[in-house]
$ cat protein23.cif   # mmCIF, C-alpha atoms
data_structure
loop_
_atom_site.label_atom_id
_atom_site.label_comp_id
_atom_site.auth_asym_id
_atom_site.auth_seq_id
_atom_site.Cartn_x
_atom_site.Cartn_y
_atom_site.Cartn_z
CA MET A 1 -11.39 -2.56 -19.58
CA SER A 2 -11.31 -2.70 -23.38
CA ASP A 3 -12.16 1.00 -23.69
CA ASP A 4 -9.08 2.02 -21.70
CA ALA A 5 -6.44 3.93 -23.61
CA ALA A 6 -3.07 2.23 -23.96
CA PRO A 7 -0.63 3.31 -21.22
CA ARG A 8 1.44 6.30 -22.31
CA PHE A 9 4.46 5.20 -20.27
CA SER A 10 6.33 1.92 -19.87
CA PRO A 11 8.49 0.51 -17.08
CA GLY A 12 11.87 2.27 -17.10
CA ASP A 13 10.54 5.55 -18.51
CA ARG A 14 11.69 8.70 -16.75
CA VAL A 15 8.70 10.84 -15.75
CA GLN A 16 8.14 14.15 -14.03
CA VAL A 17 5.20 14.73 -11.72
CA ARG A 18 3.32 17.89 -12.75
CA ASP A 19 4.15 20.86 -10.56
CA ASP A 20 0.49 21.70 -10.21
CA TRP A 21 -1.45 22.74 -7.10
CA PRO A 22 -5.19 22.39 -7.80
CA GLU A 23 -5.88 22.80 -4.08
CA ARG A 24 -5.00 26.48 -4.52
CA ARG A 25 -7.78 26.86 -7.09
CA GLY A 26 -10.66 25.40 -5.10
CA PRO A 27 -12.11 22.26 -3.58
CA CYS A 28 -10.51 19.10 -4.92
CA HIS A 29 -9.49 15.56 -4.02
CA ILE A 30 -6.01 14.60 -5.16
CA ARG A 31 -4.12 11.35 -4.67
CA THR A 32 -0.74 12.85 -5.70
CA PRO A 33 1.23 13.75 -2.55
CA HIS A 34 2.57 17.31 -2.18
CA TYR A 35 6.12 16.12 -1.75
CA LEU A 36 6.23 14.71 -5.28
CA ARG A 37 4.96 17.70 -7.25
CA GLY A 38 7.56 18.64 -9.84
CA ARG A 39 9.78 15.65 -8.95
CA THR A 40 11.34 13.23 -11.40
CA GLY A 41 11.10 9.47 -11.05
CA THR A 42 11.08 6.22 -13.01
CA VAL A 43 8.08 4.12 -13.95
CA GLU A 44 8.37 0.80 -12.12
CA ARG A 45 5.18 -0.87 -13.34
CA VAL A 46 1.80 -0.21 -14.89
CA LEU A 47 -0.91 -1.06 -12.34
CA GLY A 48 -3.97 -0.88 -14.57
CA ALA A 49 -6.74 1.68 -15.08
CA PHE A 50 -9.05 2.98 -12.37
CA PRO A 51 -11.84 5.57 -12.23
CA ASN A 52 -10.28 8.98 -11.58
CA PRO A 53 -10.60 9.61 -7.82
CA GLU A 54 -10.61 13.36 -8.48
CA ASP A 55 -14.04 12.91 -10.07
CA LEU A 56 -15.28 10.05 -7.87
CA ALA A 57 -14.89 12.22 -4.77
CA PHE A 58 -17.45 14.67 -6.16
CA ALA A 59 -19.80 12.02 -7.61
CA ARG A 60 -18.97 13.15 -11.14
CA PRO A 61 -18.64 10.69 -14.04
CA ALA A 62 -15.13 9.31 -13.52
CA PRO A 63 -13.19 8.29 -16.65
CA ARG A 64 -10.67 5.54 -16.08
CA ARG A 65 -7.04 6.65 -15.88
CA VAL A 66 -3.92 4.54 -16.06
CA LEU A 67 -2.21 4.17 -12.69
CA TYR A 68 1.56 3.65 -12.40
CA HIS A 69 3.97 2.64 -9.69
CA VAL A 70 6.67 5.31 -9.88
CA LEU A 71 10.02 5.08 -8.08
CA PHE A 72 11.81 8.15 -6.68
CA ASP A 73 15.23 8.41 -5.09
CA GLN A 74 14.55 9.24 -1.46
CA PRO A 75 17.45 11.52 -0.48
CA PRO A 76 16.83 14.25 -3.10
CA LEU A 77 13.14 14.36 -2.19
CA TRP A 78 13.91 15.33 1.38
CA ARG A 79 17.54 16.47 1.27
CA GLU A 80 18.23 13.83 3.87
CA GLY A 81 18.26 10.07 4.08
CA GLU A 82 20.49 7.30 2.87
CA PRO A 83 21.66 7.18 -0.78
CA GLY A 84 20.06 4.17 -2.43
CA ASP A 85 16.83 4.43 -0.45
CA GLN A 86 13.73 5.01 -2.55
CA VAL A 87 10.04 5.88 -2.38
CA LEU A 88 7.56 3.93 -4.52
CA VAL A 89 4.23 5.70 -5.14
CA GLU A 90 1.02 5.14 -7.13
CA ILE A 91 0.48 8.06 -9.52
CA PHE A 92 -2.16 8.55 -12.20
CA GLU A 93 -1.10 9.17 -15.78
CA HIS A 94 -2.57 12.68 -16.02
CA TRP A 95 -0.10 13.77 -13.32
CA LEU A 96 2.94 12.57 -15.29
CA GLU A 97 4.99 14.13 -18.10
CA PRO A 98 7.93 12.61 -19.95
CA ALA A 99 11.29 13.56 -18.42
CA ALA A 100 14.79 13.60 -19.85
CA ALA A 101 16.20 10.08 -20.00
CA PRO A 102 19.36 9.73 -17.90
CA ALA A 103 19.02 12.89 -15.75
CA LYS A 104 19.78 11.93 -12.17
CA GLU A 105 18.43 14.43 -9.66
CA ALA A 106 21.22 16.02 -7.68
CA ALA A 107 21.28 14.78 -4.11
CA MET B 108 -10.46 4.14 20.64
CA SER B 109 -13.57 5.56 19.08
CA PRO B 110 -16.46 6.56 21.35
CA PRO B 111 -19.52 4.26 21.44
CA PRO B 112 -22.14 5.04 18.80
CA ARG B 113 -24.87 7.49 19.83
CA PRO B 114 -28.53 6.36 19.79
CA ASP B 115 -29.34 8.80 16.98
CA SER B 116 -26.50 7.46 14.81
CA ILE B 117 -27.72 3.90 15.39
CA ALA B 118 -31.25 4.96 14.45
CA GLY B 119 -29.87 6.66 11.32
CA LEU B 120 -28.00 3.50 10.36
CA GLU B 121 -31.16 1.42 10.82
CA ARG B 122 -33.13 3.79 8.56
CA LEU B 123 -30.39 3.62 5.93
CA ILE B 124 -30.33 -0.20 6.00
CA ALA B 125 -34.12 -0.33 5.78
CA ALA B 126 -34.08 2.00 2.75
CA LEU B 127 -31.33 -0.03 1.02
CA LYS B 128 -33.24 -3.25 1.65
CA ALA B 129 -36.49 -1.70 0.40
CA LYS B 130 -34.74 -0.70 -2.83
CA GLY B 131 -33.28 -4.18 -3.23
CA ILE B 132 -29.68 -2.86 -3.02
CA VAL B 133 -28.59 -5.10 -0.15
CA THR B 134 -30.00 -8.08 1.67
CA GLU B 135 -29.68 -9.07 5.31
CA GLU B 136 -27.62 -12.07 4.19
CA GLU B 137 -25.14 -9.88 2.29
CA LEU B 138 -24.71 -7.60 5.28
CA ALA B 139 -24.16 -10.58 7.58
CA ALA B 140 -21.64 -12.10 5.15
CA ARG B 141 -19.69 -8.85 4.91
CA GLN B 142 -19.75 -8.45 8.68
CA ALA B 143 -18.37 -11.97 9.09
CA GLN B 144 -15.68 -11.31 6.47
CA THR B 145 -14.64 -8.06 8.19
CA ASP B 146 -14.53 -9.74 11.59
CA LYS B 147 -12.46 -12.64 10.22
CA ALA B 148 -9.80 -10.50 8.52
CA SER B 149 -6.66 -10.41 10.64
CA PRO B 150 -2.89 -10.43 10.18
CA GLU B 151 -3.01 -14.22 10.53
CA THR B 152 -4.35 -14.34 6.98
CA GLY B 153 -1.40 -12.41 5.59
CA ALA B 154 0.94 -14.54 7.70
CA ARG B 155 -0.48 -17.76 6.22
CA MET B 156 0.01 -16.34 2.72
CA VAL B 157 3.66 -15.50 3.45
CA ALA B 158 4.37 -18.88 5.03
CA ARG B 159 2.91 -20.69 2.05
CA ALA B 160 4.95 -18.53 -0.34
CA TRP B 161 8.09 -19.50 1.60
CA VAL B 162 7.48 -23.22 1.02
CA ASP B 163 5.62 -23.27 -2.31
CA PRO B 164 7.38 -21.62 -5.31
CA ALA B 165 4.24 -21.72 -7.47
CA TYR B 166 2.22 -19.95 -4.78
CA ARG B 167 5.04 -17.45 -4.31
CA ALA B 168 4.93 -16.61 -8.02
CA LEU B 169 1.17 -16.15 -7.87
CA LEU B 170 1.43 -13.97 -4.75
CA LEU B 171 3.89 -11.61 -6.42
CA ARG B 172 2.04 -11.56 -9.74
CA ASP B 173 -1.54 -11.22 -8.46
CA GLY B 174 -2.00 -10.73 -4.71
CA THR B 175 -5.77 -10.71 -5.05
CA ALA B 176 -5.82 -14.16 -6.65
CA ALA B 177 -3.32 -15.41 -4.06
CA ALA B 178 -5.59 -14.22 -1.24
CA GLU B 179 -8.58 -15.90 -2.85
CA ALA B 180 -6.57 -19.10 -3.19
CA MET B 181 -6.31 -19.04 0.63
CA GLY B 182 -10.08 -18.74 0.96
CA VAL B 183 -10.24 -14.96 1.45
CA SER B 184 -13.15 -13.26 -0.30
CA MET B 185 -11.71 -10.28 -2.17
CA ALA B 186 -15.06 -9.28 -3.69
CA GLY B 187 -15.36 -5.52 -3.46
CA ALA B 188 -11.88 -5.15 -1.98
CA PRO B 189 -9.19 -3.06 -3.71
CA PRO B 190 -6.57 -5.09 -5.59
CA LEU B 191 -3.79 -6.46 -3.39
CA GLY B 192 -0.15 -6.05 -4.39
CA VAL B 193 2.67 -7.90 -2.63
CA LEU B 194 6.24 -6.59 -2.69
CA GLU B 195 9.14 -8.96 -2.15
CA ASP B 196 12.03 -8.17 0.17
CA THR B 197 15.43 -9.33 -1.07
CA PRO B 198 18.85 -9.57 0.58
CA THR B 199 19.48 -6.00 -0.68
CA ARG B 200 16.03 -4.41 -0.46
CA HIS B 201 13.50 -3.93 2.33
CA HIS B 202 9.96 -2.56 1.87
CA VAL B 203 7.91 -0.58 4.37
CA ILE B 204 4.32 0.47 3.68
CA VAL B 205 2.63 3.76 4.54
CA CYS B 206 -0.30 5.81 3.34
CA THR B 207 0.79 9.44 3.68
CA LEU B 208 -2.57 10.76 2.46
CA CYS B 209 -4.89 8.80 4.76
CA SER B 210 -4.79 5.21 6.03
CA CYS B 211 -5.00 2.86 3.00
CA TYR B 212 -4.22 -0.62 4.32
CA PRO B 213 -4.83 -4.16 3.01
CA ARG B 214 -7.78 -4.73 5.33
CA ALA B 215 -9.01 -7.81 3.50
CA VAL B 216 -5.89 -9.73 4.52
CA LEU B 217 -4.68 -7.82 7.61
CA GLY B 218 -7.88 -6.54 9.24
CA TYR B 219 -8.09 -3.06 10.70
CA PRO B 220 -4.94 -0.93 10.68
CA PRO B 221 -3.33 -0.27 14.07
CA PRO B 222 -3.62 3.29 15.43
CA TRP B 223 0.05 4.08 14.80
CA TYR B 224 -0.38 3.33 11.08
CA LYS B 225 -2.94 6.13 10.91
CA SER B 226 -0.96 8.57 13.09
CA PHE B 227 0.39 11.80 11.61
CA ALA B 228 3.78 10.97 13.09
CA TYR B 229 4.19 7.65 11.26
CA ARG B 230 2.76 8.97 7.99
CA ALA B 231 4.90 12.11 7.97
CA ARG B 232 8.11 10.54 9.19
CA VAL B 233 8.45 7.19 7.47
CA VAL B 234 8.76 8.69 3.96
CA ARG B 235 11.31 11.18 5.23
CA GLU B 236 13.46 9.26 7.71
CA PRO B 237 12.50 5.61 7.28
CA ARG B 238 15.59 4.24 8.97
CA ALA B 239 15.03 6.33 12.09
CA VAL B 240 11.42 5.15 12.28
CA LEU B 241 12.45 1.51 11.78
CA ALA B 242 15.09 1.88 14.48
CA GLU B 243 12.40 2.93 16.94
CA TRP B 244 10.80 -0.49 16.34
CA GLY B 245 14.19 -2.04 17.02
CA THR B 246 14.46 -2.84 13.31
CA VAL B 247 18.00 -2.31 12.12
CA LEU B 248 18.67 -3.49 8.59
CA PRO B 249 21.86 -5.35 7.74
CA PRO B 250 24.48 -3.29 5.87
CA GLY B 251 23.85 -3.08 2.14
CA VAL B 252 20.06 -3.25 2.42
CA GLU B 253 18.24 -0.40 0.71
CA VAL B 254 14.88 0.81 1.97
CA ARG B 255 11.94 1.20 -0.37
CA VAL B 256 9.13 3.16 1.28
CA VAL B 257 5.84 2.33 -0.42
CA ASP B 258 3.40 5.24 -0.25
CA SER B 259 -0.04 3.71 -0.79
CA THR B 260 -1.77 6.65 -2.44
CA ALA B 261 -4.41 5.23 -4.76
CA ASP B 262 -6.29 2.08 -5.74
CA TYR B 263 -3.94 -0.72 -4.67
CA ARG B 264 -3.28 -2.02 -1.19
CA TRP B 265 0.20 -3.32 -0.40
CA MET B 266 1.71 -6.03 1.76
CA VAL B 267 5.34 -7.11 2.24
CA LEU B 268 6.70 -10.59 1.51
CA PRO B 269 9.65 -10.68 3.92
CA LEU B 270 12.74 -12.85 3.63
CA ARG B 271 12.43 -16.22 5.26
CA PRO B 272 14.69 -16.22 8.32
CA ALA B 273 17.73 -18.47 8.36
CA GLY B 274 17.44 -21.47 10.66
CA THR B 275 13.85 -22.30 9.67
CA GLU B 276 14.68 -25.03 7.14
CA GLY B 277 12.16 -27.84 7.24
CA TRP B 278 9.62 -25.89 9.30
CA SER B 279 5.92 -26.43 8.68
CA GLU B 280 3.78 -23.66 7.22
CA GLY B 281 2.03 -23.23 10.54
CA ARG B 282 5.28 -22.81 12.42
CA LEU B 283 6.57 -20.35 9.81
CA ALA B 284 3.34 -18.34 9.89
CA ALA B 285 3.80 -17.76 13.61
CA LEU B 286 6.94 -15.73 12.78
CA VAL B 287 4.99 -13.33 10.59
CA THR B 288 3.35 -10.59 12.64
CA ARG B 289 1.27 -7.65 11.51
CA ASP B 290 4.30 -5.36 11.86
CA VAL B 291 6.33 -7.69 9.62
CA LEU B 292 3.62 -7.56 6.96
CA VAL B 293 3.69 -3.74 7.02
CA GLY B 294 7.49 -3.80 6.97
CA VAL B 295 8.32 -2.04 10.24
CA ALA B 296 9.69 -5.29 11.67
CA LEU B 297 11.55 -8.35 10.40
CA PRO B 298 10.54 -11.94 11.16
CA GLN B 299 12.54 -13.16 14.14
CA PRO B 300 13.53 -16.81 14.33
CA PRO B 301 13.32 -18.25 17.85
CA VAL B 302 16.56 -17.82 19.78
CA ALA B 303 17.18 -21.58 19.84
CA ALA B 304 16.92 -21.81 16.07
CA ALA B 305 19.12 -18.76 15.60
CA ALA B 306 21.77 -20.20 17.90
CA GLU B 307 22.01 -23.49 16.04
#
$ encode --input "protein23.cif" --output "structure tokens"
Amino acid sequence: MSDDAAPRFSPGDRVQVRDDWPERRGPCHIRTPHYLRGRTGTVERVLGAFPNPEDLAFARPAPRRVLYHVLFDQPPLWREGEPGDQVLVEIFEHWLEPAAAPAKEAA
Amino acid sequence: MSPPPRPDSIAGLERLIAALKAKGIVTEEELAARQAQTDKASPETGARMVARAWVDPAYRALLLRDGTAAAEAMGVSMAGAPPLGVLEDTPTRHHVIVCTLCSCYPRAVLGYPPPWYKSFAYRARVVREPRAVLAEWGTVLPPGVEVRVVDSTADYRWMVLPLRPAGTEGWSEGRLAALVTRDVLVGVALPQPPVAAAAE
């Protein structure tokens, strides 16, 4: 555990999920759901560091990556649903970028 | 559900076990212990954890801080299991668990997931229209309760700590645990107090 890098993000930070589609470039194993690519959420908690599943799936050496619980407002994700409802998802740090602080996604 | 194993797959499994034993990777005892652990895991374990959290504030704090340690405190072996996280319902927030990518489920404390948990319909719909899915279970949340859908996508496994129903004051842990079903622990249902208790 001691060799893990310090988490880049803290609870409350606004983050954007990378709008990246590695599945279009070749075989891969990704734990970031399609429906969150490019979406903006808020870090809820740091969950620790785990071997990168994208490497584990292909039996490659798997460096540990910090995993976060990230909270998204549910209605803007799907353009439906009840305001106030949310989706809470585990996302690895290399899928996250800093996002503008107060920006609320338009419903 | 799944078809019975074929003779050639059983033979393949036996060769694999023999090779692992020959290399000293597993022993017969370890396999038997894991088999027993897998067979023992059932929603009753999660229900006992919830009931204890309802009556014991220190255990509740442990459960929410470190679900794995809380499971071990109830005698569950979590060796080799993914870490367990427990999310607390409040009077204004309800959690429901899904794995949209596959079927991640806290097997160590709930046993095998039910078929509906693994179905495309549940996985696709509950992130998109959680209230409609809950309504199909007969679960209608009181006004002012927000839904938090928990998409279990990576290394943790998640379980819900529901609100203790009104009318259960003074109940024993065993009686409380009987209110906590598998569906309650996944968050598609709410614990129902017996009609007599609700009417009081």
$ atom_distance --input "protein23.cif" --atom1 "CA of Cys206 in chain B" --atom2 "CA of Pro272 in chain B"
27.1 Å
$ interface_residues --input "protein23.cif" --of "chain A" --to "chain B" --cutoff "6 Å" --atoms "all atoms listed in the file" --output "PDB file with C-alpha atoms, in the frame of the given file"
ATOM      1  CA  ARG A  31      -4.120  11.350  -4.670  1.00  0.00           C
ATOM      2  CA  GLY A  84      20.060   4.170  -2.430  1.00  0.00           C
ATOM      3  CA  ASP A  85      16.830   4.430  -0.450  1.00  0.00           C
ATOM      4  CA  GLN A  86      13.730   5.010  -2.550  1.00  0.00           C
ATOM      5  CA  VAL A  87      10.040   5.880  -2.380  1.00  0.00           C
ATOM      6  CA  LEU A  88       7.560   3.930  -4.520  1.00  0.00           C
ATOM      7  CA  VAL A  89       4.230   5.700  -5.140  1.00  0.00           C
ATOM      8  CA  GLU A  90       1.020   5.140  -7.130  1.00  0.00           C
TER       9      GLU A  90
END
$ resolve_selection --input "protein23.cif" --expression "the PyMOL selection byres ((chain B and resi 213) around 10)" --output "list of chain:residue names"
B:Ala148, B:Pro150, B:Gly153, B:Ala188, B:Pro189, B:Pro190, B:Leu191, B:Gly192, B:Ser210, B:Cys211, B:Tyr212, B:Arg214, B:Ala215, B:Val216, B:Leu217, B:Gly218, B:Tyr219, B:Pro220, B:Ser259, B:Tyr263, B:Arg264, B:Trp265, B:Met266, B:Leu292, B:Val293
$ atom_distance --input "protein23.cif" --atom1 "CA of Arg289 in chain B" --atom2 "CA of Thr152 in chain B"
9.8 Å
$ atom_distance --input "protein23.cif" --atom1 "CA of Arg155 in chain B" --atom2 "CA of Val287 in chain B"
8.3 Å
